[in-house]
$ cat data.cif   # mmCIF, C-alpha atoms
data_upload
loop_
_atom_site.label_atom_id
_atom_site.label_comp_id
_atom_site.auth_asym_id
_atom_site.auth_seq_id
_atom_site.Cartn_x
_atom_site.Cartn_y
_atom_site.Cartn_z
CA MET A 1 -15.05 26.89 -31.73
CA ARG A 2 -14.13 30.06 -29.85
CA LEU A 3 -12.72 30.26 -26.33
CA ALA A 4 -16.17 30.88 -24.82
CA GLU A 5 -17.58 27.71 -26.37
CA LEU A 6 -14.50 25.69 -25.39
CA SER A 7 -15.08 26.88 -21.82
CA GLU A 8 -18.77 26.03 -21.92
CA ARG A 9 -18.32 22.59 -23.44
CA SER A 10 -15.43 21.63 -21.13
CA GLY A 11 -16.84 23.22 -17.99
CA VAL A 12 -13.43 24.89 -17.45
CA PRO A 13 -13.52 28.68 -16.79
CA THR A 14 -11.95 30.80 -19.55
CA ALA A 15 -9.38 32.22 -17.11
CA THR A 16 -8.20 28.66 -16.37
CA ILE A 17 -8.02 27.82 -20.08
CA LYS A 18 -5.93 30.96 -20.66
CA TYR A 19 -3.63 29.89 -17.86
CA TYR A 20 -3.22 26.42 -19.41
CA LEU A 21 -2.48 28.03 -22.80
CA ARG A 22 0.16 30.30 -21.22
CA GLU A 23 1.71 27.32 -19.42
CA ARG A 24 1.76 25.37 -22.70
CA LEU A 25 -0.43 22.60 -21.29
CA LEU A 26 -2.82 23.27 -24.16
CA PRO A 27 -1.60 23.90 -27.74
CA PRO A 28 -2.51 27.34 -29.13
CA GLY A 29 -5.69 27.62 -31.20
CA GLU A 30 -5.61 28.58 -34.83
CA ARG A 31 -5.30 32.37 -34.91
CA ILE A 32 -8.06 33.99 -36.98
CA THR A 33 -7.61 37.67 -35.99
CA ALA A 34 -5.09 39.42 -33.71
CA THR A 35 -7.29 38.71 -30.68
CA LYS A 36 -9.34 35.65 -31.65
CA ALA A 37 -8.41 32.01 -32.08
CA GLU A 38 -10.31 28.94 -33.14
CA TYR A 39 -10.19 25.71 -31.12
CA GLY A 40 -11.03 22.16 -32.17
CA GLU A 41 -12.12 18.83 -30.68
CA GLU A 42 -8.47 18.03 -29.90
CA HIS A 43 -8.42 21.03 -27.53
CA LEU A 44 -11.50 19.73 -25.77
CA ARG A 45 -9.88 16.32 -25.38
CA ARG A 46 -6.60 17.75 -24.21
CA LEU A 47 -8.35 19.94 -21.67
CA ARG A 48 -9.97 16.92 -20.11
CA LEU A 49 -6.59 15.17 -19.86
CA VAL A 50 -5.04 18.27 -18.26
CA ARG A 51 -7.81 18.33 -15.66
CA SER A 52 -7.24 14.63 -14.93
CA LEU A 53 -3.57 15.31 -14.28
CA ILE A 54 -3.84 18.56 -12.37
CA GLN A 55 -7.18 18.46 -10.58
CA VAL A 56 -7.59 14.76 -9.94
CA GLY A 57 -3.94 13.60 -10.00
CA ARG A 58 -2.93 16.82 -8.16
CA MET A 59 0.37 17.03 -10.00
CA PRO A 60 2.42 20.19 -10.41
CA VAL A 61 2.13 22.02 -13.76
CA ALA A 62 5.77 21.16 -14.61
CA THR A 63 5.06 17.43 -14.21
CA ALA A 64 1.88 17.64 -16.29
CA ARG A 65 3.84 19.47 -19.00
CA GLU A 66 6.44 16.67 -19.08
CA VAL A 67 3.71 14.03 -19.36
CA LEU A 68 2.08 15.86 -22.26
CA ALA A 69 5.42 16.47 -24.00
CA ALA A 70 6.11 12.72 -23.93
CA ALA A 71 2.59 11.94 -25.19
CA ASP A 72 3.11 14.39 -28.07
CA ASP A 73 6.63 13.32 -29.06
CA GLU A 74 6.16 12.42 -32.71
CA SER A 75 9.67 11.03 -33.03
CA LEU A 76 8.43 8.02 -31.04
CA GLY A 77 6.05 5.20 -32.03
CA GLN A 78 2.68 4.63 -30.33
CA ASN A 79 3.97 2.21 -27.69
CA ALA A 80 7.07 4.27 -26.84
CA ARG A 81 4.95 7.42 -26.44
CA MET A 82 2.55 5.61 -24.09
CA GLY A 83 5.49 4.32 -22.05
CA ALA A 84 7.23 7.69 -21.91
CA ALA A 85 4.05 9.54 -20.91
CA VAL A 86 3.20 7.07 -18.13
CA TRP A 87 6.82 7.19 -16.90
CA ALA A 88 6.62 10.95 -16.57
CA LEU A 89 3.69 10.58 -14.11
CA PRO A 90 4.49 11.02 -10.42
CA HIS A 91 5.44 7.68 -8.92
CA GLY A 92 6.20 6.14 -5.54
CA PRO A 93 9.40 6.14 -3.46
CA GLU A 94 12.89 5.83 -5.00
CA PRO A 95 15.36 3.24 -3.67
CA GLU A 96 16.99 5.06 -0.75
CA GLU A 97 20.54 3.82 -0.78
CA ASP A 98 22.50 0.92 -2.09
CA ASP A 99 22.35 -1.14 1.07
CA ALA A 100 21.84 -4.89 1.51
CA HIS A 101 18.03 -4.50 1.63
CA THR A 102 17.94 -2.71 -1.71
CA ALA A 103 20.30 -5.25 -3.28
CA ARG A 104 18.12 -8.14 -2.10
CA ALA A 105 14.95 -6.35 -3.25
CA ARG A 106 16.45 -5.82 -6.69
CA GLU A 107 17.20 -9.54 -7.04
CA GLN A 108 13.69 -10.40 -5.94
CA VAL A 109 12.11 -8.00 -8.42
CA ASP A 110 14.16 -9.60 -11.20
CA THR A 111 12.93 -13.04 -10.09
CA VAL A 112 9.30 -11.84 -10.15
CA LEU A 113 9.70 -10.29 -13.62
CA ARG A 114 11.36 -13.47 -14.93
CA ARG A 115 8.66 -15.70 -13.48
CA MET A 116 5.94 -13.46 -14.89
CA ASP A 117 7.70 -13.52 -18.26
CA TRP A 118 7.78 -9.72 -18.37
CA PRO A 119 10.86 -9.11 -20.53
CA HIS A 120 10.45 -5.34 -20.90
CA GLY A 121 10.60 -4.69 -17.18
CA GLN A 122 13.75 -6.78 -17.00
CA GLU A 123 15.41 -4.96 -19.90
CA LEU A 124 14.37 -1.51 -18.71
CA GLY A 125 15.35 -2.11 -15.10
CA ASP A 126 16.20 1.13 -13.31
CA ASN A 127 15.25 3.15 -16.38
CA ALA A 128 11.60 2.48 -15.57
CA PRO A 129 10.33 4.51 -12.59
CA ALA A 130 7.88 1.69 -11.72
CA TYR A 131 10.81 -0.74 -11.44
CA ARG A 132 12.63 1.60 -9.04
CA THR A 133 9.47 2.11 -6.96
CA LEU A 134 8.95 -1.63 -6.73
CA VAL A 135 12.55 -2.12 -5.57
CA ALA A 136 12.14 0.66 -2.99
CA ALA A 137 8.83 -0.75 -1.70
CA ILE A 138 10.23 -4.27 -1.30
CA ALA A 139 13.42 -2.92 0.32
CA SER A 140 11.20 -1.17 2.91
CA LEU A 141 9.37 -4.42 3.65
CA ASP A 142 12.75 -6.14 4.05
CA ARG A 143 14.30 -3.35 6.15
CA LEU A 144 11.33 -3.30 8.54
CA GLY A 145 11.09 -7.09 8.74
CA TYR A 146 7.65 -7.49 7.13
CA PRO A 147 6.89 -10.48 4.89
CA HIS A 148 7.57 -10.25 1.16
CA GLU A 149 7.85 -13.82 -0.07
CA THR A 150 8.17 -14.13 -3.82
CA GLU A 151 4.99 -16.23 -3.92
CA HIS A 152 3.03 -13.40 -2.30
CA LEU A 153 4.51 -10.82 -4.69
CA LEU A 154 3.55 -13.11 -7.59
CA VAL A 155 -0.10 -13.00 -6.46
CA HIS A 156 0.05 -9.20 -6.75
CA ALA A 157 1.87 -9.41 -10.10
CA ARG A 158 -0.63 -11.85 -11.62
CA LEU A 159 -3.58 -9.72 -10.58
CA ALA A 160 -1.81 -6.61 -11.93
CA GLY A 161 -1.35 -8.49 -15.20
CA GLU A 162 -5.07 -9.28 -15.43
CA LEU A 163 -5.88 -5.67 -14.67
CA ALA A 164 -3.54 -4.46 -17.44
CA VAL A 165 -5.35 -6.68 -19.95
CA ALA A 166 -8.74 -5.23 -18.94
CA ASP A 167 -7.37 -1.66 -18.89
CA LEU A 168 -5.81 -1.95 -22.35
CA ASP A 169 -9.00 -3.49 -23.74
CA LEU A 170 -10.62 -0.25 -22.62
CA VAL A 171 -7.86 1.85 -24.21
CA GLU A 172 -8.33 0.00 -27.50
CA THR A 173 -11.95 1.14 -27.67
CA TYR A 174 -10.48 4.60 -28.48
CA ASP A 175 -9.34 5.72 -31.94
CA THR A 176 -5.58 5.45 -32.40
CA PRO A 177 -4.66 9.14 -31.92
CA GLU A 178 -6.63 9.24 -28.67
CA GLN A 179 -5.19 6.05 -27.19
CA ILE A 180 -2.10 7.69 -25.75
CA GLU A 181 -4.14 10.34 -23.95
CA ALA A 182 -6.55 7.64 -22.75
CA VAL A 183 -3.84 5.42 -21.28
CA VAL A 184 -2.39 8.34 -19.32
CA ALA A 185 -5.75 9.54 -18.02
CA LEU A 186 -6.93 6.05 -17.09
CA THR A 187 -3.67 5.25 -15.28
CA VAL A 188 -4.16 8.32 -13.09
CA LEU A 189 -7.93 8.08 -12.64
CA TYR A 190 -8.07 4.35 -11.83
CA GLU A 191 -5.37 4.31 -9.13
CA PRO A 192 -7.74 5.63 -6.41
CA VAL A 193 -10.44 3.22 -7.72
CA LEU A 194 -8.09 0.27 -7.24
CA LEU A 195 -6.76 1.34 -3.84
CA SER A 196 -10.19 2.09 -2.40
CA LEU A 197 -11.59 -1.21 -3.69
CA ARG A 198 -8.64 -3.00 -2.04
CA ARG A 199 -9.46 -1.37 1.30
CA LEU A 200 -13.18 -2.17 0.95
CA ALA A 201 -12.32 -5.78 0.04
CA GLN A 202 -10.11 -6.02 3.14
CA THR A 203 -13.00 -4.84 5.31
CA GLU A 204 -15.25 -7.57 3.91
CA GLU A 205 -12.62 -10.25 4.18
CA SER A 206 -11.60 -9.36 7.72
CA SER A 207 -15.26 -9.21 8.82
CA ARG A 208 -15.60 -12.76 7.54
CA ARG A 209 -12.55 -13.97 9.43
CA PHE A 210 -12.64 -11.99 12.68
CA LYS A 211 -16.09 -11.90 14.15
CA LYS A 212 -16.00 -8.61 16.02
CA MET B 213 16.15 -3.58 27.09
CA ARG B 214 17.45 -0.01 27.52
CA LEU B 215 17.04 2.82 25.04
CA ALA B 216 20.50 2.19 23.51
CA GLU B 217 19.66 -1.43 22.74
CA LEU B 218 16.20 -0.51 21.40
CA SER B 219 17.97 1.92 19.06
CA GLU B 220 20.53 -0.65 17.97
CA ARG B 221 18.03 -3.42 17.37
CA SER B 222 15.56 -1.18 15.53
CA GLY B 223 18.14 0.83 13.60
CA VAL B 224 16.34 4.01 14.74
CA PRO B 225 18.57 6.73 16.29
CA THR B 226 17.94 7.36 20.00
CA ALA B 227 17.02 11.01 19.30
CA THR B 228 14.27 9.81 16.94
CA ILE B 229 13.00 7.29 19.50
CA LYS B 230 12.86 10.08 22.12
CA TYR B 231 10.91 12.21 19.67
CA TYR B 232 8.41 9.38 19.09
CA LEU B 233 8.05 8.90 22.86
CA ARG B 234 7.41 12.63 23.32
CA GLU B 235 4.86 12.60 20.51
CA ARG B 236 3.14 9.55 22.09
CA LEU B 237 3.71 7.41 19.00
CA LEU B 238 5.52 4.95 21.26
CA PRO B 239 4.20 4.00 24.71
CA PRO B 240 6.55 4.90 27.59
CA GLY B 241 8.94 2.22 28.83
CA GLU B 242 8.74 0.82 32.32
CA ARG B 243 10.49 3.34 34.52
CA ILE B 244 13.30 1.74 36.60
CA THR B 245 15.09 4.85 37.92
CA ALA B 246 14.37 8.57 37.53
CA THR B 247 16.32 8.65 34.26
CA LYS B 248 16.20 5.07 32.99
CA ALA B 249 13.39 3.03 31.47
CA GLU B 250 13.11 -0.52 30.27
CA TYR B 251 11.63 -1.36 26.85
CA GLY B 252 10.22 -4.65 25.56
CA GLU B 253 9.59 -6.51 22.30
CA GLU B 254 6.30 -4.61 21.90
CA HIS B 255 8.29 -1.37 21.68
CA LEU B 256 10.44 -2.85 18.94
CA ARG B 257 7.35 -3.92 17.04
CA ARG B 258 5.62 -0.58 17.49
CA LEU B 259 8.73 1.27 16.35
CA ARG B 260 8.69 -0.64 13.11
CA LEU B 261 5.04 0.22 12.55
CA VAL B 262 5.72 3.90 13.28
CA ARG B 263 8.51 3.91 10.68
CA SER B 264 6.18 2.28 8.15
CA LEU B 265 3.64 5.04 8.68
CA ILE B 266 5.97 8.02 8.91
CA GLN B 267 8.99 7.17 6.79
CA VAL B 268 7.45 4.96 4.11
CA GLY B 269 3.84 6.17 4.20
CA ARG B 270 5.05 9.78 4.71
CA MET B 271 2.12 10.64 6.90
CA PRO B 272 2.06 13.52 9.40
CA VAL B 273 2.66 12.65 13.07
CA ALA B 274 -0.94 13.58 13.95
CA THR B 275 -2.29 11.07 11.41
CA ALA B 276 0.05 8.33 12.62
CA ARG B 277 -1.08 9.01 16.20
CA GLU B 278 -4.73 8.60 15.18
CA VAL B 279 -3.98 5.31 13.42
CA LEU B 280 -2.18 3.96 16.49
CA ALA B 281 -4.91 5.18 18.86
CA ALA B 282 -7.47 3.21 16.83
CA ALA B 283 -5.23 0.12 16.77
CA ASP B 284 -4.87 0.33 20.57
CA ASP B 285 -8.52 0.99 21.41
CA GLU B 286 -9.28 -1.87 23.77
CA SER B 287 -12.98 -1.05 23.88
CA LEU B 288 -13.21 -2.51 20.36
CA GLY B 289 -12.94 -6.10 19.14
CA GLN B 290 -10.18 -7.34 16.82
CA ASN B 291 -12.06 -6.68 13.58
CA ALA B 292 -13.34 -3.26 14.62
CA ARG B 293 -9.84 -2.18 15.68
CA MET B 294 -8.40 -3.27 12.32
CA GLY B 295 -11.12 -1.39 10.49
CA ALA B 296 -10.74 1.76 12.58
CA ALA B 297 -6.94 1.78 12.23
CA VAL B 298 -7.06 1.33 8.43
CA TRP B 299 -9.76 4.04 8.19
CA ALA B 300 -7.51 6.48 9.97
CA LEU B 301 -4.85 6.06 7.25
CA PRO B 302 -4.58 8.83 4.65
CA HIS B 303 -6.87 8.09 1.74
CA GLY B 304 -7.71 9.41 -1.71
CA PRO B 305 -9.97 12.29 -2.78
CA GLU B 306 -13.29 13.10 -1.07
CA PRO B 307 -16.48 13.55 -3.14
CA GLU B 308 -16.30 17.20 -4.17
CA GLU B 309 -19.90 18.29 -4.19
CA ASP B 310 -23.31 16.78 -4.42
CA ASP B 311 -23.70 17.18 -8.14
CA ALA B 312 -25.20 14.80 -10.70
CA HIS B 313 -21.83 13.07 -11.27
CA THR B 314 -21.44 12.28 -7.58
CA ALA B 315 -25.03 11.07 -7.32
CA ARG B 316 -24.56 8.72 -10.30
CA ALA B 317 -21.20 7.51 -8.94
CA ARG B 318 -22.80 6.72 -5.58
CA GLU B 319 -25.47 4.58 -7.26
CA GLN B 320 -22.84 2.78 -9.27
CA VAL B 321 -20.70 2.06 -6.19
CA ASP B 322 -23.77 0.59 -4.48
CA THR B 323 -24.39 -1.62 -7.53
CA VAL B 324 -20.78 -2.84 -7.47
CA LEU B 325 -20.92 -3.60 -3.74
CA ARG B 326 -24.22 -5.44 -4.16
CA ARG B 327 -22.96 -7.49 -7.08
CA MET B 328 -19.75 -8.32 -5.18
CA ASP B 329 -21.85 -9.31 -2.17
CA TRP B 330 -19.90 -6.92 0.06
CA PRO B 331 -22.52 -6.11 2.71
CA HIS B 332 -20.23 -4.18 5.04
CA GLY B 333 -19.29 -1.59 2.43
CA GLN B 334 -23.00 -1.11 1.71
CA GLU B 335 -23.89 -0.70 5.37
CA LEU B 336 -20.97 1.59 6.15
CA GLY B 337 -21.43 3.77 3.08
CA ASP B 338 -20.07 7.26 3.61
CA ASN B 339 -18.77 6.31 7.05
CA ALA B 340 -15.97 4.37 5.34
CA PRO B 341 -13.30 6.65 3.83
CA ALA B 342 -12.62 4.04 1.10
CA TYR B 343 -16.30 4.23 0.07
CA ARG B 344 -16.09 8.03 -0.23
CA THR B 345 -12.84 7.83 -2.21
CA LEU B 346 -14.38 5.31 -4.59
CA VAL B 347 -17.40 7.59 -5.13
CA ALA B 348 -15.08 10.57 -5.74
CA ALA B 349 -12.88 8.63 -8.19
CA ILE B 350 -15.85 7.38 -10.22
CA ALA B 351 -17.45 10.85 -10.17
CA SER B 352 -14.20 12.21 -11.70
CA LEU B 353 -14.30 9.60 -14.46
CA ASP B 354 -17.92 10.54 -15.13
CA ARG B 355 -17.33 14.31 -14.97
CA LEU B 356 -14.41 14.09 -17.42
CA GLY B 357 -16.20 11.67 -19.75
CA TYR B 358 -13.88 8.69 -19.30
CA PRO B 359 -15.28 5.14 -19.30
CA HIS B 360 -16.41 3.56 -16.04
CA GLU B 361 -18.78 0.78 -17.00
CA THR B 362 -19.91 -1.36 -14.07
CA GLU B 363 -18.43 -4.44 -15.76
CA HIS B 364 -15.00 -2.80 -15.82
CA LEU B 365 -15.29 -1.72 -12.19
CA LEU B 366 -16.26 -5.29 -11.30
CA VAL B 367 -12.99 -6.54 -12.83
CA HIS B 368 -11.12 -4.24 -10.45
CA ALA B 369 -13.35 -5.27 -7.53
CA ARG B 370 -12.89 -9.01 -8.13
CA LEU B 371 -9.11 -8.65 -8.30
CA ALA B 372 -9.16 -6.49 -5.15
CA GLY B 373 -11.15 -9.28 -3.47
CA GLU B 374 -8.55 -11.90 -4.42
CA LEU B 375 -5.80 -9.64 -3.17
CA ALA B 376 -7.59 -9.17 0.17
CA VAL B 377 -7.75 -12.95 0.63
CA ALA B 378 -4.00 -13.28 0.00
CA ASP B 379 -3.20 -10.28 2.22
CA LEU B 380 -5.29 -11.55 5.12
CA ASP B 381 -3.74 -15.02 4.80
CA LEU B 382 -0.45 -13.22 5.41
CA VAL B 383 -1.89 -11.31 8.38
CA GLU B 384 -3.10 -14.57 9.92
CA THR B 385 0.46 -15.88 10.03
CA TYR B 386 0.95 -13.37 12.89
CA ASP B 387 -0.01 -14.00 16.50
CA THR B 388 -3.33 -12.40 17.43
CA PRO B 389 -2.02 -9.32 19.27
CA GLU B 390 0.27 -8.50 16.34
CA GLN B 391 -2.37 -8.91 13.64
CA ILE B 392 -3.78 -5.40 13.96
CA GLU B 393 -0.33 -3.82 13.61
CA ALA B 394 0.42 -6.13 10.67
CA VAL B 395 -2.74 -5.27 8.76
CA VAL B 396 -2.01 -1.54 9.08
CA ALA B 397 1.65 -1.87 8.06
CA LEU B 398 0.91 -4.19 5.15
CA THR B 399 -1.87 -1.92 3.85
CA VAL B 400 0.59 0.98 3.70
CA LEU B 401 3.63 -0.94 2.50
CA TYR B 402 1.90 -2.92 -0.25
CA GLU B 403 0.15 0.02 -1.95
CA PRO B 404 3.31 1.09 -3.86
CA VAL B 405 4.00 -2.59 -4.65
CA LEU B 406 0.57 -2.93 -6.25
CA LEU B 407 0.68 0.37 -8.15
CA SER B 408 4.17 -0.20 -9.53
CA LEU B 409 3.31 -3.76 -10.60
CA ARG B 410 0.23 -2.38 -12.37
CA ARG B 411 2.39 0.08 -14.32
CA LEU B 412 4.96 -2.61 -15.17
CA ALA B 413 2.16 -4.94 -16.31
CA GLN B 414 0.78 -2.16 -18.52
CA THR B 415 4.20 -1.76 -20.15
CA GLU B 416 4.31 -5.48 -20.98
CA GLU B 417 0.75 -5.59 -22.21
CA SER B 418 1.06 -2.49 -24.37
CA SER B 419 4.35 -3.77 -25.86
CA ARG B 420 2.49 -6.89 -26.88
CA ARG B 421 -0.33 -4.96 -28.51
CA PHE B 422 1.42 -1.93 -30.05
CA LYS B 423 4.57 -2.92 -31.82
CA LYS B 424 6.66 0.23 -31.49
#

$ encode --input "data.cif" --output "structure tokens"
Amino acid sequence: MRLAELSERSGVPTATIKYYLRERLLPPGERITATKAEYGEEHLRRLRLVRSLIQVGRMPVATAREVLAAADDESLGQNARMGAAVWALPHGPEPEEDDAHTARAREQVDTVLRRMDWPHGQELGDNAPAYRTLVAAIASLDRLGYPHETEHLLVHARLAGELAVADLDLVETYDTPEQIEAVVALTVLYEPVLLSLRRLAQTEESSRRFKK
Amino acid sequence: MRLAELSERSGVPTATIKYYLRERLLPPGERITATKAEYGEEHLRRLRLVRSLIQVGRMPVATAREVLAAADDESLGQNARMGAAVWALPHGPEPEEDDAHTARAREQVDTVLRRMDWPHGQELGDNAPAYRTLVAAIASLDRLGYPHETEHLLVHARLAGELAVADLDLVETYDTPEQIEAVVALTVLYEPVLLSLRRLAQTEESSRRFKK
């Protein structure tokens, strides 16, 4: 298809598509004349991922480009590409400093991963952004004196595990070449779903417990 | 206690405490001379909540002030104050426009709330920021053509419900006057815990399914 059709089918203005092409967020089309190029279904799919990252996930172009580069890295296998692309997504706080709170949080995270039997998180450790964010978040709870018992963290971990099973079932409904793009998009698009459902659930639960 | 002791016990520099007092994030101490004031345990507790909001939750001072004003509103009962304080927290995207995607998303959210038997979310509707965020997030999935079957949303909702039970059990370990502050702090501080555990769980689950 030509640029005009790509724009119509994706709902993205041609000027925006040209910008994405210039910023290398979208691979070039197949050149057919000096001024015309032909685009395929993979451009349509990629465009929808770019919009998930930039418009919904509100990430800077440079971050989106890193995510896409990891997803496209053909030197890696399927699982490694998924991991690398998700790691390149914006993530939460980094551990601030190597103080006693951070050291204790790190030990506790390792205990949680061991008890969950999550060997990859243990091996990856600080190489995984999600591991560092978890350490930072628990160090904050510890520093401020809020509760963070391992049993409570395990409740969160078990529910996250169930969610991952359901999310990857969804990813596996896609054809293999699309699975990497799907896992990235669904990670970004389902975070606000999860957080807003958690707040709605809290409202229900606290209405049940506290009468007014 | 005097300002110096409040600073020492909270680990917050006196200049920062003075700034919080000026910005009305911290109630004034009890004045004992023209230049000296006395602070109590409630100041220590409030200081820790302010740091959760501003340093960990990275919210603007104006937002933090709104959250605290809702938490302190004595015209409301316990449950209403909790709700109002959590609602004042920063939240996800707002529904963009009243297009077909948003209309469909709204219907689907209502179905999820009905099937979960969450009457408060249904009654509150657009008055609850979490309801609007959920509508916006599902509208994005719909607009971009990513899956959002009700059954999949219900998996998220059920897990969010279990999490809310565990979180409110934790809140109930606090004395009544501290419960409102605790629910606000724990909402903010546990969001990165949940999101990073979800990403770690995905890594484990995808390593199991995709060999390399």

$ resolve_selection --input "data.cif" --expression "the PyMOL selection byres ((chain A and resi 130-145) around 9)" --output "PyMOL selection string"
(chain A and resi 87+91-96+100-109+121-122+124-129+146-148) or (chain B and resi 222+260-261+263-264+268+398+401-412)

$ residues_around --input "data.cif" --residues "range 229-235 of chain B" --least-positions-apart "6" --cutoff "12 Å" --atoms "all atoms listed in the file" --output "list of chain:residue names"
B:Arg214, B:Leu215, B:Ala216, B:Glu217, B:Leu218, B:Ser219, B:Glu220, B:Ser222, B:Gly223, B:Gly241, B:Ala249, B:Tyr251, B:His255, B:Leu256, B:Arg258, B:Leu259, B:Arg260, B:Leu261, B:Val262, B:Arg263, B:Ile266, B:Pro272, B:Val273, B:Ala274, B:Thr275, B:Ala276, B:Arg277, B:Glu278, B:Leu280

$ closest_residue --input "data.cif" --among "B:Ile392, B:Leu366, B:Val377, B:Val400" --to "chain A" --atoms "all atoms listed in the file"
B:Val377

$ atom_distance --input "data.cif" --atom1 "CA of Thr388 in chain B" --atom2 "CA of Glu254 in chain B"
13.2 Å

$ resolve_selection --input "data.cif" --expression "the PyMOL selection byres ((chain B and resi 293) around 12)" --output "PDB file with C-alpha atoms, in the frame of the given file"
ATOM      1  CA  THR A 203     -13.000  -4.840   5.310  1.00  0.00           C
ATOM      2  CA  SER A 206     -11.600  -9.360   7.720  1.00  0.00           C
ATOM      3  CA  SER A 207     -15.260  -9.210   8.820  1.00  0.00           C
ATOM      4  CA  PHE A 210     -12.640 -11.990  12.680  1.00  0.00           C
ATOM      5  CA  LYS A 211     -16.090 -11.900  14.150  1.00  0.00           C
ATOM      6  CA  LYS A 212     -16.000  -8.610  16.020  1.00  0.00           C
TER       7      LYS A 212
ATOM      8  CA  GLU B 278      -4.730   8.600  15.180  1.00  0.00           C
ATOM      9  CA  VAL B 279      -3.980   5.310  13.420  1.00  0.00           C
ATOM     10  CA  LEU B 280      -2.180   3.960  16.490  1.00  0.00           C
ATOM     11  CA  ALA B 281      -4.910   5.180  18.860  1.00  0.00           C
ATOM     12  CA  ALA B 282      -7.470   3.210  16.830  1.00  0.00           C
ATOM     13  CA  ALA B 283      -5.230   0.120  16.770  1.00  0.00           C
ATOM     14  CA  ASP B 284      -4.870   0.330  20.570  1.00  0.00           C
ATOM     15  CA  ASP B 285      -8.520   0.990  21.410  1.00  0.00           C
ATOM     16  CA  GLU B 286      -9.280  -1.870  23.770  1.00  0.00           C
ATOM     17  CA  SER B 287     -12.980  -1.050  23.880  1.00  0.00           C
ATOM     18  CA  LEU B 288     -13.210  -2.510  20.360  1.00  0.00           C
ATOM     19  CA  GLY B 289     -12.940  -6.100  19.140  1.00  0.00           C
ATOM     20  CA  GLN B 290     -10.180  -7.340  16.820  1.00  0.00           C
ATOM     21  CA  ASN B 291     -12.060  -6.680  13.580  1.00  0.00           C
ATOM     22  CA  ALA B 292     -13.340  -3.260  14.620  1.00  0.00           C
ATOM     23  CA  MET B 294      -8.400  -3.270  12.320  1.00  0.00           C
ATOM     24  CA  GLY B 295     -11.120  -1.390  10.490  1.00  0.00           C
ATOM     25  CA  ALA B 296     -10.740   1.760  12.580  1.00  0.00           C
ATOM     26  CA  ALA B 297      -6.940   1.780  12.230  1.00  0.00           C
ATOM     27  CA  VAL B 298      -7.060   1.330   8.430  1.00  0.00           C
ATOM     28  CA  TRP B 299      -9.760   4.040   8.190  1.00  0.00           C
ATOM     29  CA  ALA B 300      -7.510   6.480   9.970  1.00  0.00           C
ATOM     30  CA  PRO B 389      -2.020  -9.320  19.270  1.00  0.00           C
ATOM     31  CA  GLU B 390       0.270  -8.500  16.340  1.00  0.00           C
ATOM     32  CA  GLN B 391      -2.370  -8.910  13.640  1.00  0.00           C
ATOM     33  CA  ILE B 392      -3.780  -5.400  13.960  1.00  0.00           C
ATOM     34  CA  GLU B 393      -0.330  -3.820  13.610  1.00  0.00           C
ATOM     35  CA  VAL B 395      -2.740  -5.270   8.760  1.00  0.00           C
ATOM     36  CA  VAL B 396      -2.010  -1.540   9.080  1.00  0.00           C
TER      37      VAL B 396
END

$ atom_distance --input "data.cif" --atom1 "CA of Ala182 in chain A" --atom2 "CA of Leu325 in chain B"
26.3 Å

$ residues_near_point --input "data.cif" --point "(-4.8, -1.7, -24.1)" --cutoff "8 Å" --atoms "only C-alpha atoms" --output "list in words"
Ala164, Val165, Ala166, Asp167, Leu168, Asp169, Leu170, Val171, Glu172 and Val183 of chain A; Gln414, Glu417, Ser418 and Arg421 of chain B

$ atom_distance --input "data.cif" --atom1 "CA of Leu53 in chain A" --atom2 "CA of Ala160 in chain A"
22.1 Å

$ closest_residue --input "data.cif" --among "B:Ala413, B:Ala246, B:Leu237, B:Met271" --to "chain A" --atoms "all atoms listed in the file"
B:Ala413

$ closest_residue --input "data.cif" --among "B:Glu309, B:Pro302, B:Glu416, B:Thr226" --to "Gly269 in chain B" --atoms "all atoms listed in the file"
B:Pro302

$ decode --input "data.cif" --residues "range 31-44 of chain A" --atoms "C-alpha atoms" --output "mmCIF file, in the first residue's frame"
data_model
loop_
_atom_site.group_PDB
_atom_site.id
_atom_site.type_symbol
_atom_site.label_atom_id
_atom_site.label_comp_id
_atom_site.auth_asym_id
_atom_site.auth_seq_id
_atom_site.Cartn_x
_atom_site.Cartn_y
_atom_site.Cartn_z
ATOM 1 C CA ARG A 31 11.067 2.206 -2.816
ATOM 2 C CA ILE A 32 9.234 1.950 -6.152
ATOM 3 C CA THR A 33 10.092 5.349 -7.690
ATOM 4 C CA ALA A 34 12.262 8.244 -6.462
ATOM 5 C CA THR A 35 9.306 9.692 -4.542
ATOM 6 C CA LYS A 36 7.028 6.710 -3.874
ATOM 7 C CA ALA A 37 7.354 3.751 -1.540
ATOM 8 C CA GLU A 38 5.235 0.707 -0.882
ATOM 9 C CA TYR A 39 4.276 -0.332 2.662
ATOM 10 C CA GLY A 40 3.079 -3.698 3.963
ATOM 11 C CA GLU A 41 1.068 -5.203 6.817
ATOM 12 C CA GLU A 42 4.210 -5.169 8.988
ATOM 13 C CA HIS A 43 4.235 -1.354 8.731
ATOM 14 C CA LEU A 44 0.636 -1.227 9.872
#
